[in-house]
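Text of model_0.pdb (PDB, C-alpha atoms) as supplied:
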```pdb
ATOM      1  CA  MET R1295     123.370 224.911  18.164
ATOM      2  CA  ASN R1296     125.707 227.866  18.761
ATOM      3  CA  ARG R1297     128.496 226.211  16.755
ATOM      4  CA  VAL R1298     131.340 228.577  17.623
ATOM      5  CA  LEU R1299     130.232 228.896  21.263
ATOM      6  CA  THR R1300     131.011 232.614  21.352
ATOM      7  CA  ALA R1301     127.834 233.736  23.103
ATOM      8  CA  THR R1302     128.087 234.342  26.825
ATOM      9  CA  SER R1303     124.391 233.816  27.430
ATOM     10  CA  GLY R1304     121.273 232.519  25.739
ATOM     11  CA  LYS R1305     120.453 229.185  24.136
ATOM     12  CA  LEU R1306     123.363 226.875  23.498
ATOM     13  CA  LEU R1307     121.630 224.062  21.630
ATOM     14  CA  TYR R1308     118.214 222.699  20.724
ATOM     15  CA  PHE R1309     116.756 219.219  21.058
ATOM     16  CA  LYS R1310     114.629 217.945  18.204
ATOM     17  CA  VAL R1311     112.378 215.071  19.253
ATOM     18  CA  LYS R1312     110.668 212.826  16.708
ATOM     19  CA  VAL R1313     107.549 211.297  18.223
ATOM     20  CA  SER R1314     106.589 207.736  17.322
ATOM     21  CA  PRO R1315     103.091 207.364  15.828
ATOM     22  CA  TYR R1316     102.622 204.503  18.313
ATOM     23  CA  LEU R1317     103.263 206.640  21.384
ATOM     24  CA  LYS R1318     100.483 206.585  23.961
ATOM     25  CA  PRO R1319      98.615 209.913  23.899
ATOM     26  CA  GLY R1320      99.127 212.206  26.868
ATOM     27  CA  ASP R1321     102.068 213.697  28.726
ATOM     28  CA  VAL R1322     105.450 212.069  28.143
ATOM     29  CA  VAL R1323     108.498 212.739  30.299
ATOM     30  CA  LEU R1324     111.867 212.936  28.526
ATOM     31  CA  LYS R1325     115.004 212.949  30.665
ATOM     32  CA  VAL R1326     118.311 214.261  29.312
ATOM     33  CA  THR R1327     121.267 213.249  31.495
ATOM     34  CA  ASN R1328     125.064 213.085  31.305
ATOM     35  CA  LEU R1329     125.312 215.339  28.265
ATOM     36  CA  ASP R1330     128.867 216.539  27.657
ATOM     37  CA  PHE R1331     130.588 217.884  24.568
ATOM     38  CA  ILE R1332     134.019 219.234  23.774
ATOM     39  CA  THR R1333     135.160 222.006  21.450
ATOM     40  CA  ILE R1334     138.671 221.777  20.035
ATOM     41  CA  THR R1335     140.587 224.586  18.335
ATOM     42  CA  LYS R1336     144.254 225.074  17.457
ATOM     43  CA  GLU R1337     144.717 227.087  20.614
ATOM     44  CA  ASN R1338     142.831 225.029  23.180
ATOM     45  CA  SER R1339     139.989 222.657  23.955
ATOM     46  CA  GLN R1340     137.047 223.180  26.232
ATOM     47  CA  LYS R1341     134.673 220.676  27.800
ATOM     48  CA  TYR R1342     131.081 221.671  28.447
ATOM     49  CA  HIS R1343     128.720 219.850  30.786
ATOM     50  CA  CYS R1344     124.986 220.425  30.497
ATOM     51  CA  LYS R1345     122.813 220.211  33.565
ATOM     52  CA  ASP R1346     120.396 217.296  33.611
ATOM     53  CA  GLN R1347     117.036 218.249  32.185
ATOM     54  CA  THR R1348     113.534 216.825  32.512
ATOM     55  CA  LEU R1349     111.251 217.751  29.644
ATOM     56  CA  THR R1350     107.506 217.159  29.529
ATOM     57  CA  LEU R1351     106.017 216.668  26.083
ATOM     58  CA  HIS R1352     102.389 216.185  25.140
ATOM     59  CA  ALA R1353     101.572 213.494  22.589
ATOM     60  CA  LYS R1354      98.395 214.290  20.672
ATOM     61  CA  PRO R1355      95.890 211.514  19.867
ATOM     62  CA  GLU R1356      96.033 212.220  16.129
ATOM     63  CA  SER R1357      98.552 209.893  14.506
ATOM     64  CA  THR R1358      99.887 208.932  11.075
ATOM     65  CA  ALA R1359     101.572 205.559  10.604
ATOM     66  CA  THR R1360     103.249 203.877   7.638
ATOM     67  CA  LEU R1361     101.761 200.763   6.057
ATOM     68  CA  SER R1362     104.063 198.628   3.900
ATOM     69  CA  VAL R1363     103.831 195.381   1.944
ATOM     70  CA  SER R1364     106.832 193.813   0.223
ATOM     71  CA  GLY R1365     106.737 194.009  -3.554
ATOM     72  CA  SER R1366     108.667 190.742  -3.869
ATOM     73  CA  SER R1367     107.020 188.456  -1.309
ATOM     74  CA  HIS R1368     103.665 190.316  -1.552
ATOM     75  CA  TYR R1369     103.077 189.913   2.185
ATOM     76  CA  GLY R1370     103.603 192.073   5.256
ATOM     77  CA  THR R1371     102.343 192.567   8.803
ATOM     78  CA  CYS R1372     100.841 195.498  10.632
ATOM     79  CA  VAL R1373      99.275 196.667  13.849
ATOM     80  CA  LEU R1374      97.946 200.223  14.060
ATOM     81  CA  PRO R1375      97.068 202.348  17.110
ATOM     82  CA  PHE R1376      93.854 203.500  15.430
ATOM     83  CA  ALA R1377      91.028 201.905  13.465
ATOM     84  CA  VAL R1378      90.890 201.912   9.654
ATOM     85  CA  THR R1379      87.524 201.528   7.926
ATOM     86  CA  SER R1380      88.795 201.440   4.343
ATOM     87  CA  LEU R1381      91.959 199.692   3.157
ATOM     88  CA  PRO R1382      94.147 201.184   0.400
ATOM     89  CA  ASP R1383      93.447 199.955  -3.130
ATOM     90  CA  GLY R1384      95.176 196.665  -3.848
ATOM     91  CA  VAL R1385      95.819 195.821  -0.187
ATOM     92  CA  LYS R1386      94.101 192.942   1.593
ATOM     93  CA  ALA R1387      94.228 192.204   5.319
ATOM     94  CA  TYR R1388      93.871 188.934   7.191
ATOM     95  CA  SER R1389      93.599 187.625  10.719
ATOM     96  CA  ALA R1390      95.234 184.331  11.738
ATOM     97  CA  LYS R1391      93.162 182.312  14.185
ATOM     98  CA  GLY R1392      94.500 178.789  13.657
ATOM     99  CA  VAL R1393      96.016 176.138  11.377
ATOM    100  CA  ASP R1394      94.533 173.744   8.821
ATOM    101  CA  ASP R1395      93.848 170.034   9.340
ATOM    102  CA  THR R1396      97.409 169.098   8.365
ATOM    103  CA  GLY R1397      98.874 171.348  11.063
ATOM    104  CA  GLN R1398     101.308 172.766   8.498
ATOM    105  CA  LEU R1399      99.468 175.834   7.201
ATOM    106  CA  VAL R1400      98.339 178.972   9.001
ATOM    107  CA  VAL R1401      94.794 179.752   7.873
ATOM    108  CA  LEU R1402      94.209 183.428   7.081
ATOM    109  CA  ASP R1403      90.712 184.911   7.170
ATOM    110  CA  GLU R1404      90.143 188.114   5.206
ATOM    111  CA  VAL R1405      88.889 191.257   6.941
ATOM    112  CA  THR R1406      87.742 194.488   5.312
ATOM    113  CA  GLN R1407      88.522 196.849   8.203
ATOM    114  CA  LEU R1408      91.381 197.151  10.686
ATOM    115  CA  ALA R1409      90.611 197.431  14.388
ATOM    116  CA  ALA R1410      92.888 199.500  16.613
ATOM    117  CA  TYR R1411      95.665 197.618  18.419
ATOM    118  CA  THR R1412      94.946 194.418  16.480
ATOM    119  CA  PRO R1413      97.660 192.558  14.511
ATOM    120  CA  TYR R1414      97.082 191.580  10.877
ATOM    121  CA  ILE R1415      98.759 189.966   7.876
ATOM    122  CA  LEU R1416      98.745 192.106   4.722
ATOM    123  CA  TYR R1417      98.829 191.088   1.062
ATOM    124  CA  SER R1418      99.332 193.115  -2.109
ATOM    125  CA  ALA R1419     100.034 191.677  -5.544
ATOM    126  CA  SER R1420     102.278 194.614  -6.478
ATOM    127  CA  GLY R1421     103.467 195.747  -3.029
ATOM    128  CA  TYR R1422     102.448 198.886  -1.209
ATOM    129  CA  THR R1423     103.907 201.716   0.857
ATOM    130  CA  GLY R1424     101.760 204.542   2.158
ATOM    131  CA  SER R1425     100.483 206.355   5.221
ATOM    132  CA  LEU R1426      97.252 206.010   7.160
ATOM    133  CA  SER R1427      95.911 208.429   9.755
ATOM    134  CA  GLY R1428      93.505 208.159  12.647
ATOM    135  CA  THR R1429      92.755 208.975  16.261
ATOM    136  CA  VAL R1430      94.519 206.876  18.889
ATOM    137  CA  ASP R1431      92.517 205.482  21.816
ATOM    138  CA  ALA R1432      94.821 205.675  24.840
ATOM    139  CA  ASN R1433      92.589 203.289  26.807
ATOM    140  CA  LYS R1434      93.460 200.416  24.450
ATOM    141  CA  TYR R1435      97.219 200.971  24.594
ATOM    142  CA  GLY R1436      99.543 198.048  25.271
ATOM    143  CA  GLU R1437     103.177 197.434  24.308
ATOM    144  CA  VAL R1438     102.223 193.974  22.981
ATOM    145  CA  VAL R1439      98.744 193.180  21.639
ATOM    146  CA  ARG R1440      97.239 189.809  20.681
ATOM    147  CA  ASP R1441      94.654 188.402  18.327
ATOM    148  CA  GLY R1442      94.443 184.714  17.491
ATOM    149  CA  LEU R1443      97.947 183.454  16.675
ATOM    150  CA  LEU R1444      99.334 186.931  15.955
ATOM    151  CA  ARG R1445     101.197 189.248  18.312
ATOM    152  CA  GLY R1446     101.686 192.933  17.506
ATOM    153  CA  ALA R1447     104.490 195.217  18.700
ATOM    154  CA  ILE R1448     103.312 198.680  19.734
ATOM    155  CA  ALA R1449     106.771 199.257  21.210
ATOM    156  CA  PRO R1450     109.851 197.482  19.726
ATOM    157  CA  GLN R1451     110.219 193.930  21.057
ATOM    158  CA  LYS R1452     113.256 191.648  21.260
ATOM    159  CA  ARG R1453     112.129 188.060  20.706
ATOM    160  CA  LYS R1454     113.821 184.667  20.567
ATOM    161  CA  ASP R1455     110.725 182.506  20.322
ATOM    162  CA  GLY R1456     107.766 182.490  17.976
ATOM    163  CA  TYR R1457     107.662 182.830  14.200
ATOM    164  CA  VAL R1458     108.422 185.698  11.818
ATOM    165  CA  LEU R1459     107.015 186.151   8.322
ATOM    166  CA  GLN R1460     109.819 185.886   5.757
ATOM    167  CA  ASP R1461     110.417 184.928   2.141
ATOM    168  CA  LEU R1462     113.533 182.751   1.976
ATOM    169  CA  GLY R1463     113.043 181.783  -1.650
ATOM    170  CA  GLU R1464     109.924 179.617  -1.296
ATOM    171  CA  GLY R1465     107.324 182.344  -0.900
ATOM    172  CA  ALA R1466     106.215 183.972   2.332
ATOM    173  CA  LYS R1467     106.136 181.602   5.301
ATOM    174  CA  PHE R1468     106.323 181.813   9.062
ATOM    175  CA  TYR R1469     109.802 180.689  10.172
ATOM    176  CA  ALA R1470     110.749 179.812  13.739
ATOM    177  CA  MET R1471     113.086 182.238  15.505
ATOM    178  CA  ASP R1472     114.649 179.154  17.087
ATOM    179  CA  GLY R1473     116.525 180.999  19.827
ATOM    180  CA  MET R1474     117.937 183.688  17.516
ATOM    181  CA  GLU R1475     117.143 187.210  18.702
ATOM    182  CA  PHE R1476     114.878 189.229  16.420
ATOM    183  CA  LEU R1477     113.962 192.865  16.913
ATOM    184  CA  ILE R1478     110.298 193.297  16.036
ATOM    185  CA  PRO R1479     109.808 196.983  15.122
ATOM    186  CA  GLU R1480     106.818 198.948  16.297
ATOM    187  CA  GLY R1481     103.843 198.349  14.049
ATOM    188  CA  LYS R1482     104.977 194.852  13.004
ATOM    189  CA  CYS R1483     103.859 191.388  14.093
ATOM    190  CA  TRP R1484     105.032 187.878  14.827
ATOM    191  CA  LEU R1485     103.218 184.592  15.327
ATOM    192  CA  GLU R1486     102.965 182.350  18.371
ATOM    193  CA  MET R1487     101.769 178.762  18.251
ATOM    194  CA  PRO R1488     100.216 176.717  21.061
ATOM    195  CA  ALA R1489     102.875 174.725  22.917
ATOM    196  CA  ALA R1490     101.770 171.471  21.262
ATOM    197  CA  GLN R1491     102.656 172.854  17.805
ATOM    198  CA  ALA R1492     105.612 175.094  18.587
ATOM    199  CA  SER R1493     108.271 172.600  17.449
ATOM    200  CA  ALA R1494     107.613 172.966  13.703
ATOM    201  CA  PRO R1495     110.415 174.854  11.901
ATOM    202  CA  GLN R1496     108.019 176.678   9.580
ATOM    203  CA  TYR R1497     104.380 177.149   8.600
ATOM    204  CA  GLY R1498     102.988 177.931   5.170
ATOM    205  CA  ILE R1499     100.030 180.211   4.476
ATOM    206  CA  GLN R1500      96.520 179.268   3.399
ATOM    207  CA  ILE R1501      93.875 181.833   2.475
ATOM    208  CA  GLY R1502      90.533 180.729   3.902
ATOM    209  CA  ALA R1503      89.369 177.278   4.963
ATOM    210  CA  THR R1504      89.547 174.278   2.646
ATOM    211  CA  THR R1505      88.620 170.643   2.960
ATOM    212  CA  ALA R1506      91.017 167.702   2.837
ATOM    213  CA  ILE R1507      92.948 166.710  -0.310
ATOM    214  CA  THR R1508      90.694 165.103  -2.912
ATOM    215  CA  ALA R1509      91.743 162.212  -5.109
ATOM    216  CA  PRO R1510      94.887 162.943  -7.158
ATOM    217  CA  THR R1511      94.130 164.446 -10.545
ATOM    218  CA  THR R1512      95.835 164.645 -13.922
ATOM    219  CA  THR R1513      93.548 167.338 -15.341
ATOM    220  CA  VAL R1514      92.582 170.830 -14.337
ATOM    221  CA  SER R1515      89.009 171.279 -13.144
ATOM    222  CA  ALA R1516      86.790 172.891 -15.723
ATOM    223  CA  HIS R1517      85.070 174.872 -12.994
ATOM    224  CA  GLY R1518      86.576 177.353 -10.600
ATOM    225  CA  LYS R1519      89.887 179.150 -10.353
ATOM    226  CA  ILE R1520      93.171 177.548  -9.272
ATOM    227  CA  TYR R1521      95.115 178.876  -6.293
ATOM    228  CA  THR R1522      98.377 177.966  -4.614
ATOM    229  CA  LEU R1523      98.281 177.221  -0.890
ATOM    230  CA  ASP R1524      99.368 180.788  -0.118
ATOM    231  CA  GLY R1525      96.415 182.223  -2.041
ATOM    232  CA  LYS R1526      98.013 183.166  -5.381
ATOM    233  CA  GLU R1527      95.908 182.498  -8.468
ATOM    234  CA  VAL R1528      97.649 180.460 -11.192
ATOM    235  CA  LYS R1529      96.604 179.344 -14.671
ATOM    236  CA  THR R1530      97.975 175.789 -14.556
ATOM    237  CA  MET R1531      98.939 173.158 -11.993
ATOM    238  CA  GLN R1532     102.460 171.745 -11.910
ATOM    239  CA  PRO R1533     103.071 168.008 -11.292
ATOM    240  CA  GLY R1534     103.589 167.253  -7.615
ATOM    241  CA  GLY R1535     101.975 170.500  -6.502
ATOM    242  CA  ILE R1536      99.041 170.900  -4.136
ATOM    243  CA  TYR R1537      96.463 173.495  -5.135
ATOM    244  CA  VAL R1538      93.081 174.787  -4.033
ATOM    245  CA  VAL R1539      90.251 174.344  -6.557
ATOM    246  CA  ASN R1540      86.613 174.922  -5.646
ATOM    247  CA  GLY R1541      87.523 175.042  -1.970
ATOM    248  CA  LYS R1542      89.282 171.663  -2.073
ATOM    249  CA  LYS R1543      92.969 170.757  -2.003
ATOM    250  CA  VAL R1544      94.012 168.983  -5.185
ATOM    251  CA  LEU R1545      97.255 167.055  -5.773
ATOM    252  CA  LYS R1546      98.511 167.225  -9.377
ATOM    253  CA  ILE R1547     100.298 163.949 -10.126
ATOM    254  CA  LYS R1548     101.377 164.467 -13.744
TER     255      LYS R1548
END
```
Write-out of the structure in structure tokens:
Amino acid sequence: MNRVLTATSGKLLYFKVKVSPYLKPGDVVLKVTNLDFITITKENSQKYHCKDQTLTLHAKPESTATLSVSGSSHYGTCVLPFAVTSLPDGVKAYSAKGVDDTGQLVVLDEVTQLAAYTPYILYSASGYTGSLSGTVDANKYGEVVRDGLLRGAIAPQKRKDGYVLQDLGEGAKFYAMDGMEFLIPEGKCWLEMPAAQASAPQYGIQIGATTAITAPTTTVSAHGKIYTLDGKEVKTMQPGGIYVVNGKKVLKIK
């Protein structure tokens, strides 16, 4: 910008536009209206009014988006405008198609590749932040995309219903928005349940399908690893806890 405004002709200011990686490829119209500014000196003040402008920008199909997983809760969500054939080291991705037999846990199924415009749950034991690049397919564009129980925001969405993934001190769970407005940023996801199940205040996470709870046990199985219901491997079972051992839910009673 010509800060002192001494020039009598030429460019007065510049507009710098940062393009979202989720923008649909092609021509984009940007309108600049009602732009006024005032300069004030000891001697006088002057108001300047800029004529309304219509700018046409071209969004290229090549895009780079940020992928992030919380280092504390170990979970995150993502939806990308391009496909990814190889996940970063230490990052796992899951789809969410339904709930378990108890109706209290969202069952996550692992995937090894990410499809364009498809929402996913992410997991990383140590957290992750990085960038992924790809070519956007404009024909698949939509401001909200769906897969199973997950909904992905390609453009920011204000929501008051559904469930958001949070860690409120008990590990990552899906908590009901319950009428409170949430802004879902582009590239992030939320969860929607069928109407018959939408009254639950929260849903836990289960990695893969398991069978019903077996008989209560006081000893750890000599075969197979032990996992919590949200998929974390543990060495021992705590009394009163429910774990997954050999594909079965086990209740530790003492």
Written as a PDB file with C-alpha atoms, in the coordinates of the input, which residues does the PyMOL selection byres ((chain R and resi 1318-1321) around 12) give for the file shown?
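Okay, expr-v1.pdb is ready:
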```
ATOM      1  CA  VAL R1313     107.549 211.297  18.223  1.00  0.00           C
ATOM      2  CA  SER R1314     106.589 207.736  17.322  1.00  0.00           C
ATOM      3  CA  PRO R1315     103.091 207.364  15.828  1.00  0.00           C
ATOM      4  CA  TYR R1316     102.622 204.503  18.313  1.00  0.00           C
ATOM      5  CA  LEU R1317     103.263 206.640  21.384  1.00  0.00           C
ATOM      6  CA  VAL R1322     105.450 212.069  28.143  1.00  0.00           C
ATOM      7  CA  VAL R1323     108.498 212.739  30.299  1.00  0.00           C
ATOM      8  CA  LEU R1324     111.867 212.936  28.526  1.00  0.00           C
ATOM      9  CA  LEU R1349     111.251 217.751  29.644  1.00  0.00           C
ATOM     10  CA  THR R1350     107.506 217.159  29.529  1.00  0.00           C
ATOM     11  CA  LEU R1351     106.017 216.668  26.083  1.00  0.00           C
ATOM     12  CA  HIS R1352     102.389 216.185  25.140  1.00  0.00           C
ATOM     13  CA  ALA R1353     101.572 213.494  22.589  1.00  0.00           C
ATOM     14  CA  LYS R1354      98.395 214.290  20.672  1.00  0.00           C
ATOM     15  CA  PRO R1355      95.890 211.514  19.867  1.00  0.00           C
ATOM     16  CA  GLU R1356      96.033 212.220  16.129  1.00  0.00           C
ATOM     17  CA  SER R1357      98.552 209.893  14.506  1.00  0.00           C
ATOM     18  CA  PRO R1375      97.068 202.348  17.110  1.00  0.00           C
ATOM     19  CA  PHE R1376      93.854 203.500  15.430  1.00  0.00           C
ATOM     20  CA  TYR R1411      95.665 197.618  18.419  1.00  0.00           C
ATOM     21  CA  THR R1429      92.755 208.975  16.261  1.00  0.00           C
ATOM     22  CA  VAL R1430      94.519 206.876  18.889  1.00  0.00           C
ATOM     23  CA  ASP R1431      92.517 205.482  21.816  1.00  0.00           C
ATOM     24  CA  ALA R1432      94.821 205.675  24.840  1.00  0.00           C
ATOM     25  CA  ASN R1433      92.589 203.289  26.807  1.00  0.00           C
ATOM     26  CA  LYS R1434      93.460 200.416  24.450  1.00  0.00           C
ATOM     27  CA  TYR R1435      97.219 200.971  24.594  1.00  0.00           C
ATOM     28  CA  GLY R1436      99.543 198.048  25.271  1.00  0.00           C
ATOM     29  CA  GLU R1437     103.177 197.434  24.308  1.00  0.00           C
ATOM     30  CA  ILE R1448     103.312 198.680  19.734  1.00  0.00           C
ATOM     31  CA  ALA R1449     106.771 199.257  21.210  1.00  0.00           C
TER      32      ALA R1449
END
```
Report summary line: Here atom CA of R:Pro1488 and atom CA of R:Val1400 stand apart by 12.4 Å
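Around R:Leu1402, within 7 Å and counting all atoms listed in the file, the residues found are R:Tyr1388, R:Ser1389, R:Ala1390, R:Val1400, R:Glu1404, R:Gln1500, R:Ile1501, R:Gly1502, once anything fewer than 2 positions away on its own chain is removed.
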**Report entry** Answer key for the PyMOL selection byres ((chain R and resi 1414-1420) around 9), residues as a PyMOL selection string
**Finding:** chain R and resi 1362-1373+1384-1390+1402+1408+1412-1413+1421-1422+1441+1444-1446+1482-1483+1526
Write out, as a PDB file, in the coordinates of the input, the residues just selected, with C-alpha atoms.
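Printed below is result-v2.pdb as written:
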```
ATOM      1  CA  SER R1362     104.063 198.628   3.900  1.00  0.00           C
ATOM      2  CA  VAL R1363     103.831 195.381   1.944  1.00  0.00           C
ATOM      3  CA  SER R1364     106.832 193.813   0.223  1.00  0.00           C
ATOM      4  CA  GLY R1365     106.737 194.009  -3.554  1.00  0.00           C
ATOM      5  CA  SER R1366     108.667 190.742  -3.869  1.00  0.00           C
ATOM      6  CA  SER R1367     107.020 188.456  -1.309  1.00  0.00           C
ATOM      7  CA  HIS R1368     103.665 190.316  -1.552  1.00  0.00           C
ATOM      8  CA  TYR R1369     103.077 189.913   2.185  1.00  0.00           C
ATOM      9  CA  GLY R1370     103.603 192.073   5.256  1.00  0.00           C
ATOM     10  CA  THR R1371     102.343 192.567   8.803  1.00  0.00           C
ATOM     11  CA  CYS R1372     100.841 195.498  10.632  1.00  0.00           C
ATOM     12  CA  VAL R1373      99.275 196.667  13.849  1.00  0.00           C
ATOM     13  CA  GLY R1384      95.176 196.665  -3.848  1.00  0.00           C
ATOM     14  CA  VAL R1385      95.819 195.821  -0.187  1.00  0.00           C
ATOM     15  CA  LYS R1386      94.101 192.942   1.593  1.00  0.00           C
ATOM     16  CA  ALA R1387      94.228 192.204   5.319  1.00  0.00           C
ATOM     17  CA  TYR R1388      93.871 188.934   7.191  1.00  0.00           C
ATOM     18  CA  SER R1389      93.599 187.625  10.719  1.00  0.00           C
ATOM     19  CA  ALA R1390      95.234 184.331  11.738  1.00  0.00           C
ATOM     20  CA  LEU R1402      94.209 183.428   7.081  1.00  0.00           C
ATOM     21  CA  LEU R1408      91.381 197.151  10.686  1.00  0.00           C
ATOM     22  CA  THR R1412      94.946 194.418  16.480  1.00  0.00           C
ATOM     23  CA  PRO R1413      97.660 192.558  14.511  1.00  0.00           C
ATOM     24  CA  GLY R1421     103.467 195.747  -3.029  1.00  0.00           C
ATOM     25  CA  TYR R1422     102.448 198.886  -1.209  1.00  0.00           C
ATOM     26  CA  ASP R1441      94.654 188.402  18.327  1.00  0.00           C
ATOM     27  CA  LEU R1444      99.334 186.931  15.955  1.00  0.00           C
ATOM     28  CA  ARG R1445     101.197 189.248  18.312  1.00  0.00           C
ATOM     29  CA  GLY R1446     101.686 192.933  17.506  1.00  0.00           C
ATOM     30  CA  LYS R1482     104.977 194.852  13.004  1.00  0.00           C
ATOM     31  CA  CYS R1483     103.859 191.388  14.093  1.00  0.00           C
ATOM     32  CA  LYS R1526      98.013 183.166  -5.381  1.00  0.00           C
TER      33      LYS R1526
END
```
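Once the PyMOL selection byres ((chain R and resi 1471-1476) around 6) is applied to the shown structure, the selection contains Lys1452, Arg1453, Lys1454, Asp1455, Gly1456, Tyr1457, Ala1470 and Leu1477 of chain R.
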For the selection you just gave me, I'd like the residues written to a file as a short mmCIF file (atom, residue, chain, number, x, y, z; two decimals), keeping the file's coordinate frame, keeping C-alpha atoms.
```cif
data_model
loop_
_atom_site.label_atom_id
_atom_site.label_comp_id
_atom_site.auth_asym_id
_atom_site.auth_seq_id
_atom_site.Cartn_x
_atom_site.Cartn_y
_atom_site.Cartn_z
CA LYS R 1452 113.26 191.65 21.26
CA ARG R 1453 112.13 188.06 20.71
CA LYS R 1454 113.82 184.67 20.57
CA ASP R 1455 110.72 182.51 20.32
CA GLY R 1456 107.77 182.49 17.98
CA TYR R 1457 107.66 182.83 14.20
CA ALA R 1470 110.75 179.81 13.74
CA LEU R 1477 113.96 192.86 16.91
#
```
Query raised in the report: Could you list as number ranges by chain every residue that has an atom within 8 Å of (97.1, 205.3, 9.1), using the file's coordinates and counting only C-alpha atoms?
Result: R: 1357-1361, 1374, 1376, 1378, 1425-1428
Requested in this report: Find the distance between atom CA of R:Ile1478 and atom CA of R:Ala1409 and write it in Å to one decimal.
Outcome: 20.2 Å
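For the pair atom CA of R:Thr1379 and atom CA of R:Thr1406, the interatomic distance is 7.5 Å.
For the set R:Leu1381, R:Ile1332, R:Leu1485, R:Ile1536, the residue with the smallest atom-to-atom gap to R:Gly1424 is R:Leu1381, counting all atoms listed in the file.
Proximity to R:Leu1459 at 8 Å, evaluated using all atoms listed in the file and with sequence-adjacent residues fewer than 4 positions away removed, yields Gly1370, Thr1371, Ala1466, Lys1467, Phe1468, Tyr1469 and Trp1484 of chain R.
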Go ahead and dump the residues you just picked, C-alpha atoms, as a PDB file, in the frame of the given file.
```pdb
ATOM      1  CA  GLY R1370     103.603 192.073   5.256  1.00  0.00           C
ATOM      2  CA  THR R1371     102.343 192.567   8.803  1.00  0.00           C
ATOM      3  CA  ALA R1466     106.215 183.972   2.332  1.00  0.00           C
ATOM      4  CA  LYS R1467     106.136 181.602   5.301  1.00  0.00           C
ATOM      5  CA  PHE R1468     106.323 181.813   9.062  1.00  0.00           C
ATOM      6  CA  TYR R1469     109.802 180.689  10.172  1.00  0.00           C
ATOM      7  CA  TRP R1484     105.032 187.878  14.827  1.00  0.00           C
TER       8      TRP R1484
END
```
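In this comparison, which uses only C-alpha atoms, the residue of R:Leu1462, R:Leu1399, R:Ile1334, R:Leu1329 approaching R:Ala1494 most closely is R:Leu1399.
Protein and nucleic acid residues near (103.3, 175.2, 10.1) are R:Gly1397, R:Gln1398, R:Leu1399, R:Gln1496, R:Tyr1497, R:Gly1498, the criterion being any atom at most 6 Å away using only C-alpha atoms.
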Got a sec: who's within 9 Å of R:Tyr1342, counting only C-alpha atoms, leaving out chain neighbours fewer than 2 positions off, as a compact mmCIF listing (two decimals) with C-alpha atoms, in the frame of the given file?
```txt
# COMPACT_ATOMS: atom_id res chain seq x y z
CA LEU R 1329 125.31 215.34 28.26
CA ASP R 1330 128.87 216.54 27.66
CA PHE R 1331 130.59 217.88 24.57
CA ILE R 1332 134.02 219.23 23.77
CA THR R 1333 135.16 222.01 21.45
CA GLN R 1340 137.05 223.18 26.23
CA CYS R 1344 124.99 220.42 30.50
```
